[in-house]
Amino acid sequence: EEVCYDKLGCFSNDPPWSGTTDRPLKALPWSPSKINTRFLLYTNENPNNYQQITADASTIRNSNFKTNRKTRFIIHGFIDEGEEDWLSDMC
């Protein structure tokens with residue numbers, strides 16, 4: 001089987017992507033709309049309240065993001081949703 005998504009390309013459930021020892025489940029990736037990835041920005045100006053940014057440059061320009069500062073990306077995993085205290089504590 002194969003599934004294709006705009007901007008991301010096509011994915012198959014054939015090896016090496018699934019059905020292997022490291023990836024035993026034969027599953028296709030969910031659609032971007034189902035995953036609904038969000039990018040939540042915490043900065044020194046907003047350490048406790050995130051600003052949601054997208055690939056739209058205007059959301060980045062209108063945020064507290066500064067190119068001259070160190071940037072860290074924290075990926076929370078499958079269970080959390082990105083709004084837990086431990087995420088902002090890591091920054």
# chains A, B, ... in the order shown; residues from 1 in each chain; ligands from 1

$ residues_around --residues "Ser88 (chain A)" --least-positions-apart "6" --cutoff "12 Å" --atoms "only C-alpha atoms" --output "list of chain:residue names"
A:Leu40, A:Leu41, A:Tyr42, A:Thr43, A:Asn44, A:Asn46, A:Pro47, A:Asn48, A:Asn49, A:Tyr50, A:Gln51, A:Arg72, A:Phe73, A:Ile74, A:Ile75, A:His76, A:Gly82

$ select_by_dssp --residues "chain A" --states "alpha helix (DSSP H)" --output "NGL selection string"
:A and (32-35 or 57-61 or 85-90)

$ closest_residue --among "A:Gln52, A:Glu1, A:Lys66, A:Cys10" --to "Ala27 (chain A)" --atoms "only C-alpha atoms"
A:Glu1

$ atom_distance --atom1 "CA of Asn62 (chain A)" --atom2 "CA of Ile35 (chain A)"
25.0 Å

$ atom_distance --atom1 "CA of Ser63 (chain A)" --atom2 "CA of Leu87 (chain A)"
18.5 Å

$ atom_distance --atom1 "CA of Asn68 (chain A)" --atom2 "CA of Asn36 (chain A)"
28.7 Å

$ select_by_dssp --residues "region 8-64 of chain A" --states "strand (DSSP E or B)" --output "PyMOL selection string"
chain A and resi 9-12+39-41+51-53

$ write_last_selection --atoms "N, CA and C atoms" --output "PDB file, in the first residue's frame"
ATOM      1  N   GLY A   9       5.185  14.125  -0.068  1.00  0.00           N
ATOM      2  CA  GLY A   9       5.493  13.006  -0.940  1.00  0.00           C
ATOM      3  C   GLY A   9       4.687  11.768  -0.598  1.00  0.00           C
ATOM      4  N   CYS A  10       5.173  10.621  -1.074  1.00  0.00           N
ATOM      5  CA  CYS A  10       4.460   9.356  -0.922  1.00  0.00           C
ATOM      6  C   CYS A  10       5.189   8.438   0.048  1.00  0.00           C
ATOM      7  N   PHE A  11       4.406   7.624   0.741  1.00  0.00           N
ATOM      8  CA  PHE A  11       4.935   6.691   1.735  1.00  0.00           C
ATOM      9  C   PHE A  11       4.323   5.320   1.491  1.00  0.00           C
ATOM     10  N   SER A  12       5.142   4.302   1.664  1.00  0.00           N
ATOM     11  CA  SER A  12       4.710   2.924   1.464  1.00  0.00           C
ATOM     12  C   SER A  12       4.799   2.180   2.791  1.00  0.00           C
ATOM     13  N   PHE A  39       3.368  24.223  16.305  1.00  0.00           N
ATOM     14  CA  PHE A  39       4.659  24.734  16.751  1.00  0.00           C
ATOM     15  C   PHE A  39       4.380  25.823  17.770  1.00  0.00           C
ATOM     16  N   LEU A  40       4.765  25.552  19.017  1.00  0.00           N
ATOM     17  CA  LEU A  40       4.481  26.459  20.127  1.00  0.00           C
ATOM     18  C   LEU A  40       5.778  27.116  20.562  1.00  0.00           C
ATOM     19  N   LEU A  41       5.835  28.426  20.479  1.00  0.00           N
ATOM     20  CA  LEU A  41       7.052  29.181  20.760  1.00  0.00           C
ATOM     21  C   LEU A  41       7.007  29.761  22.168  1.00  0.00           C
ATOM     22  N   GLN A  51       3.331  31.094  21.972  1.00  0.00           N
ATOM     23  CA  GLN A  51       2.799  31.720  20.767  1.00  0.00           C
ATOM     24  C   GLN A  51       2.795  30.631  19.703  1.00  0.00           C
ATOM     25  N   GLN A  52       1.660  30.394  19.074  1.00  0.00           N
ATOM     26  CA  GLN A  52       1.605  29.370  18.037  1.00  0.00           C
ATOM     27  C   GLN A  52       2.073  29.977  16.722  1.00  0.00           C
ATOM     28  N   ILE A  53       3.055  29.313  16.098  1.00  0.00           N
ATOM     29  CA  ILE A  53       3.563  29.777  14.811  1.00  0.00           C
ATOM     30  C   ILE A  53       3.344  28.688  13.764  1.00  0.00           C
TER      31      ILE A  53
END
